[in-house]
Amino acid sequence: MTTQDEAKKVAGRKVIEEFVRDGMKLGLGSGTTSHFFVRELGKHVAAGLKVTCTTTSRATNDVAREVGIKITDPNEIGELDLTVDGPDEIDRQFRMIKGGGACLLWEKIVAHASKQMITICDETKIVDQLGGFPLPVEVVQFAWKQTERMVSRLLAEHGIAEAVIVRRMKDGQPVVTDSGNFILDCRCGVIPNPEQLEIKLNQIPGVVENGLFTRESQGMVVGCFDGTAYVAMR
Ligand SMILES: O=C(CO)[C@H](O)[C@H](O)COP(=O)(O)O
């Protein structure tokens with residue numbers, strides 16, 4: 001029986017087979033699934049594959065270095081050919097919620113700096129409608145409770161009346177992102193019109209970015225519990 005971790009690994013191998021080519025500039029995503037891909041990529045780099053890589057979090061920098069992948073500063077790399085990153089949820093229109101690992105801001109910047117983004121996941125991440133996973137919203141620390149009130153009001157106006165918003169905590173301390181911000185996790189239930197909500201959330205002063213990625217992914221590579229992986233494209 002294939003485990004979830006094995007399904008993630010199979011997806012990582014499939015991405016390399018189908019999408020990664022010699023000479024590419026790559027954006028390396030965050031989270032456990034992306035890290036399986038990075039470890040797999042490290043084996044190919046050791047065997048002679050030439051790629052130039054930048055990452056979407058300090059945690060991914062650490063994994064990449066550990067497996068012998070040199071990291072290029074995002075300011076130096078120019079336009080990327082491909083970013084490979086994982087979702088917390090993805091629907092069949094390739095719309096996603098990301099940010100479970102608090103890396104959504106760097107992830108969105110790197111995705112937009114790329115010609116192509118491919119999502120990598122196991123089959124448990126595919127949903128009919130977005131919103132089962134709490135939507136992360138990255139906010140500046142200054143007056144974060146004011147920003148939280150504005151987010152709550154916007155969600156209600158958007159038809160999500162019962163949203164529960166909590167500042168993300170770890171070990172009794174607020175989580176601080178790689179850019180020094182807080183994360184508000186918004187338990188929404190089904191999210192109507194995610195494209196519009198993605199845009200509106202970012203218009204609130206104090207919101208730096210939100211975890212809706214409705215336009216970025218051009219395809220997904222899905223690892224399955226039967227040990228296979230498949231590709232689906234927009
Ligand atoms: O968005 C993310 C981090 O901000 C991750 O990519 C997302 O949480 C998926 O992680 P995992 O592969 O561990 O489930």
# chains A, B, ... in the order shown; residues from 1 in each chain; ligands from 1

$ residues_near_ligand --ligand "ligand 1" --cutoff "7 Å" --atoms "only C-alpha atoms and all ligand atoms" --output "PDB file with N, CA and C atoms, in the first residue's frame"
ATOM      1  N   GLY A  29       9.267  25.284  -4.826  1.00  0.00           N
ATOM      2  CA  GLY A  29       8.184  25.595  -3.894  1.00  0.00           C
ATOM      3  C   GLY A  29       8.474  25.164  -2.472  1.00  0.00           C
ATOM      4  N   SER A  30       7.479  25.390  -1.611  1.00  0.00           N
ATOM      5  CA  SER A  30       7.616  25.104  -0.180  1.00  0.00           C
ATOM      6  C   SER A  30       6.626  24.023   0.234  1.00  0.00           C
ATOM      7  N   GLY A  31       6.875  23.460   1.419  1.00  0.00           N
ATOM      8  CA  GLY A  31       5.990  22.411   1.933  1.00  0.00           C
ATOM      9  C   GLY A  31       6.578  21.032   1.676  1.00  0.00           C
ATOM     10  N   THR A  32       5.992  20.038   2.297  1.00  0.00           N
ATOM     11  CA  THR A  32       6.581  18.695   2.261  1.00  0.00           C
ATOM     12  C   THR A  32       6.604  18.114   0.838  1.00  0.00           C
ATOM     13  N   THR A  33       5.549  18.360   0.055  1.00  0.00           N
ATOM     14  CA  THR A  33       5.502  17.780  -1.299  1.00  0.00           C
ATOM     15  C   THR A  33       6.609  18.393  -2.152  1.00  0.00           C
ATOM     16  N   SER A  34       6.729  19.711  -2.099  1.00  0.00           N
ATOM     17  CA  SER A  34       7.793  20.372  -2.857  1.00  0.00           C
ATOM     18  C   SER A  34       9.160  19.886  -2.393  1.00  0.00           C
ATOM     19  N   ASP A  85       5.342  23.885  -7.239  1.00  0.00           N
ATOM     20  CA  ASP A  85       4.948  24.180  -5.856  1.00  0.00           C
ATOM     21  C   ASP A  85       3.695  23.389  -5.497  1.00  0.00           C
ATOM     22  N   GLY A  86       3.453  23.220  -4.201  1.00  0.00           N
ATOM     23  CA  GLY A  86       2.335  22.402  -3.733  1.00  0.00           C
ATOM     24  C   GLY A  86       1.178  23.243  -3.221  1.00  0.00           C
ATOM     25  N   PRO A  87      -0.035  22.707  -3.232  1.00  0.00           N
ATOM     26  CA  PRO A  87      -1.195  23.427  -2.690  1.00  0.00           C
ATOM     27  C   PRO A  87      -1.627  22.850  -1.330  1.00  0.00           C
ATOM     28  N   ASP A  88      -2.439  23.604  -0.625  1.00  0.00           N
ATOM     29  CA  ASP A  88      -3.174  23.016   0.507  1.00  0.00           C
ATOM     30  C   ASP A  88      -4.485  22.435   0.008  1.00  0.00           C
ATOM     31  N   LYS A  98      -3.170  28.243  -0.816  1.00  0.00           N
ATOM     32  CA  LYS A  98      -1.807  27.961  -0.381  1.00  0.00           C
ATOM     33  C   LYS A  98      -1.501  28.791   0.863  1.00  0.00           C
ATOM     34  N   GLY A  99      -0.396  28.472   1.500  1.00  0.00           N
ATOM     35  CA  GLY A  99       0.031  29.251   2.657  1.00  0.00           C
ATOM     36  C   GLY A  99      -0.023  28.494   3.965  1.00  0.00           C
ATOM     37  N   GLY A 100      -0.343  27.189   3.877  1.00  0.00           N
ATOM     38  CA  GLY A 100      -0.339  26.381   5.095  1.00  0.00           C
ATOM     39  C   GLY A 100       1.020  26.385   5.791  1.00  0.00           C
ATOM     40  N   GLY A 101       2.062  26.640   5.009  1.00  0.00           N
ATOM     41  CA  GLY A 101       3.411  26.720   5.584  1.00  0.00           C
ATOM     42  C   GLY A 101       3.864  28.161   5.762  1.00  0.00           C
ATOM     43  N   ALA A 102       2.949  29.116   5.613  1.00  0.00           N
ATOM     44  CA  ALA A 102       3.213  30.550   5.827  1.00  0.00           C
ATOM     45  C   ALA A 102       4.167  31.150   4.788  1.00  0.00           C
ATOM     46  N   CYS A 103       4.241  30.534   3.601  1.00  0.00           N
ATOM     47  CA  CYS A 103       5.197  31.010   2.584  1.00  0.00           C
ATOM     48  C   CYS A 103       4.494  31.656   1.387  1.00  0.00           C
ATOM     49  N   LEU A 104       3.213  31.996   1.543  1.00  0.00           N
ATOM     50  CA  LEU A 104       2.407  32.377   0.379  1.00  0.00           C
ATOM     51  C   LEU A 104       2.927  33.594  -0.375  1.00  0.00           C
ATOM     52  N   CYS A 121       1.121  17.572  -6.156  1.00  0.00           N
ATOM     53  CA  CYS A 121       0.350  17.188  -4.964  1.00  0.00           C
ATOM     54  C   CYS A 121       0.040  15.694  -4.969  1.00  0.00           C
TER      55      CYS A 121
END

$ residues_around --residues "Lys25 (chain A)" --least-positions-apart "5" --cutoff "6 Å" --atoms "only C-alpha atoms" --output "PDB file with C-alpha atoms, in the first residue's frame"
ATOM      1  CA  VAL A  51      19.534  23.954 -13.663  1.00  0.00           C
ATOM      2  CA  THR A  52      19.559  27.353 -11.979  1.00  0.00           C
ATOM      3  CA  CYS A  53      17.268  27.547  -8.963  1.00  0.00           C
ATOM      4  CA  LEU A  80      12.059  31.670 -14.493  1.00  0.00           C
ATOM      5  CA  ASP A  81      11.084  28.879 -16.878  1.00  0.00           C
TER       6      ASP A  81
END

$ residues_around --residues "Pro192 (chain A)" --least-positions-apart "4" --cutoff "9 Å" --atoms "only C-alpha atoms" --output "PyMOL selection string"
chain A and resi 129-131+158-160+196-197

$ atom_distance --atom1 "CA of Val166 (chain A)" --atom2 "CA of Glu138 (chain A)"
11.8 Å

$ closest_residue --among "A:Ile120, A:Ile199, A:Ile191, A:Val140" --to "Gln218 (chain A)" --atoms "only C-alpha atoms"
A:Ile120

$ residues_around --residues "Gly227 (chain A)" --least-positions-apart "3" --cutoff "10 Å" --atoms "only C-alpha atoms" --output "PyMOL selection string"
chain A and resi 1-4+6-11+223-224

$ write_last_selection --atoms "N, CA and C atoms" --output "PDB file, in the first residue's frame"
ATOM      1  N   MET A   1       0.855  -1.207   0.000  1.00  0.00           N
ATOM      2  CA  MET A   1       0.000   0.000   0.000  1.00  0.00           C
ATOM      3  C   MET A   1       0.887   1.253   0.000  1.00  0.00           C
ATOM      4  N   THR A   2       0.651   2.103  -0.958  1.00  0.00           N
ATOM      5  CA  THR A   2       1.437   3.346  -1.042  1.00  0.00           C
ATOM      6  C   THR A   2       0.975   4.324   0.037  1.00  0.00           C
ATOM      7  N   THR A   3       1.904   4.958   0.717  1.00  0.00           N
ATOM      8  CA  THR A   3       1.538   5.954   1.725  1.00  0.00           C
ATOM      9  C   THR A   3       1.424   7.328   1.045  1.00  0.00           C
ATOM     10  N   GLN A   4       0.921   8.285   1.809  1.00  0.00           N
ATOM     11  CA  GLN A   4       0.804   9.651   1.266  1.00  0.00           C
ATOM     12  C   GLN A   4       2.191  10.194   0.888  1.00  0.00           C
ATOM     13  N   GLU A   6       4.767   8.489  -0.070  1.00  0.00           N
ATOM     14  CA  GLU A   6       5.201   7.831  -1.313  1.00  0.00           C
ATOM     15  C   GLU A   6       4.479   8.424  -2.522  1.00  0.00           C
ATOM     16  N   ALA A   7       3.195   8.747  -2.353  1.00  0.00           N
ATOM     17  CA  ALA A   7       2.448   9.393  -3.451  1.00  0.00           C
ATOM     18  C   ALA A   7       3.087  10.742  -3.806  1.00  0.00           C
ATOM     19  N   LYS A   8       3.536  11.475  -2.782  1.00  0.00           N
ATOM     20  CA  LYS A   8       4.199  12.764  -3.031  1.00  0.00           C
ATOM     21  C   LYS A   8       5.507  12.544  -3.793  1.00  0.00           C
ATOM     22  N   LYS A   9       6.245  11.504  -3.403  1.00  0.00           N
ATOM     23  CA  LYS A   9       7.527  11.219  -4.080  1.00  0.00           C
ATOM     24  C   LYS A   9       7.304  10.855  -5.544  1.00  0.00           C
ATOM     25  N   VAL A  10       6.288  10.028  -5.803  1.00  0.00           N
ATOM     26  CA  VAL A  10       5.983   9.616  -7.178  1.00  0.00           C
ATOM     27  C   VAL A  10       5.669  10.863  -8.011  1.00  0.00           C
ATOM     28  N   ALA A  11       4.911  11.795  -7.431  1.00  0.00           N
ATOM     29  CA  ALA A  11       4.578  13.040  -8.140  1.00  0.00           C
ATOM     30  C   ALA A  11       5.861  13.818  -8.451  1.00  0.00           C
ATOM     31  N   GLY A 223       0.172  12.654  -7.447  1.00  0.00           N
ATOM     32  CA  GLY A 223       0.639  11.335  -7.022  1.00  0.00           C
ATOM     33  C   GLY A 223      -0.524  10.588  -6.383  1.00  0.00           C
ATOM     34  N   CYS A 224      -0.698   9.324  -6.761  1.00  0.00           N
ATOM     35  CA  CYS A 224      -1.850   8.558  -6.287  1.00  0.00           C
ATOM     36  C   CYS A 224      -1.410   7.453  -5.325  1.00  0.00           C
TER      37      CYS A 224
END

$ residues_around --residues "region 109-112 of chain A" --least-positions-apart "4" --cutoff "10 Å" --atoms "only C-alpha atoms" --output "PyMOL selection string"
chain A and resi 26-29+54-56+74+79-80+82-85+104-105+116-118+209+213+215-217

$ residues_around --residues "region 170-176 of chain A" --least-positions-apart "4" --cutoff "9 Å" --atoms "only C-alpha atoms" --output "list in words"
Ala102, Gln141, Gly180, Asn181, Phe182 and Ile183 of chain A

$ write_last_selection --atoms "N, CA and C atoms" --output "CSV table (one decimal), in the first residue's frame"
chain,number,residue,atom,x,y,z
A,102,ALA,N,2.9,29.1,5.6
A,102,ALA,CA,3.2,30.5,5.8
A,102,ALA,C,4.2,31.2,4.8
A,141,GLN,N,2.4,43.5,10.8
A,141,GLN,CA,2.2,43.4,12.2
A,141,GLN,C,1.5,44.7,12.8
A,180,GLY,N,8.5,38.8,7.8
A,180,GLY,CA,8.2,39.5,9.1
A,180,GLY,C,6.8,39.9,9.4
A,181,ASN,N,5.9,39.2,8.7
A,181,ASN,CA,4.4,39.5,8.9
A,181,ASN,C,3.7,38.4,9.7
A,182,PHE,N,2.4,38.7,10.0
A,182,PHE,CA,1.6,37.7,10.7
A,182,PHE,C,0.7,37.0,9.7
A,183,ILE,N,0.2,35.9,10.1
A,183,ILE,CA,-0.8,35.2,9.2
A,183,ILE,C,-2.2,35.1,9.9

$ closest_residue --among "A:Glu89, A:Asp62, A:Glu198, A:Glu18" --to "Leu155 (chain A)" --atoms "only C-alpha atoms"
A:Glu198

$ closest_residue --among "A:Leu154, A:Leu135, A:Ile97, A:Val45" --to "Asp185 (chain A)" --atoms "only C-alpha atoms"
A:Leu135

$ closest_residue --among "A:Ile77, A:Trp106, A:Pro205, A:Thr119" --to "Val221 (chain A)" --atoms "only C-alpha atoms"
A:Thr119

$ atom_distance --atom1 "CA of Ala156 (chain A)" --atom2 "CA of Cys186 (chain A)"
11.7 Å

$ atom_distance --atom1 "CA of Gly132 (chain A)" --atom2 "CA of Gln203 (chain A)"
23.7 Å

$ select_by_dssp --residues "region 31-217 of chain A" --states "helix (DSSP H, G or I)" --output "PyMOL selection string"
chain A and resi 32-46+58-66+74-77+104-112+123-125+144-157+194-201

$ select_by_dssp --residues "region 9-63 of chain A" --states "strand (DSSP E)" --output "count of residues only"
8

$ closest_residue --among "A:Arg234, A:Arg187, A:His35, A:Arg167" --to "Phe94 (chain A)" --atoms "only C-alpha atoms"
A:Arg234

$ closest_residue --among "A:Thr124, A:Lys50, A:Trp144, A:Leu41" --to "Asp5 (chain A)" --atoms "only C-alpha atoms"
A:Thr124
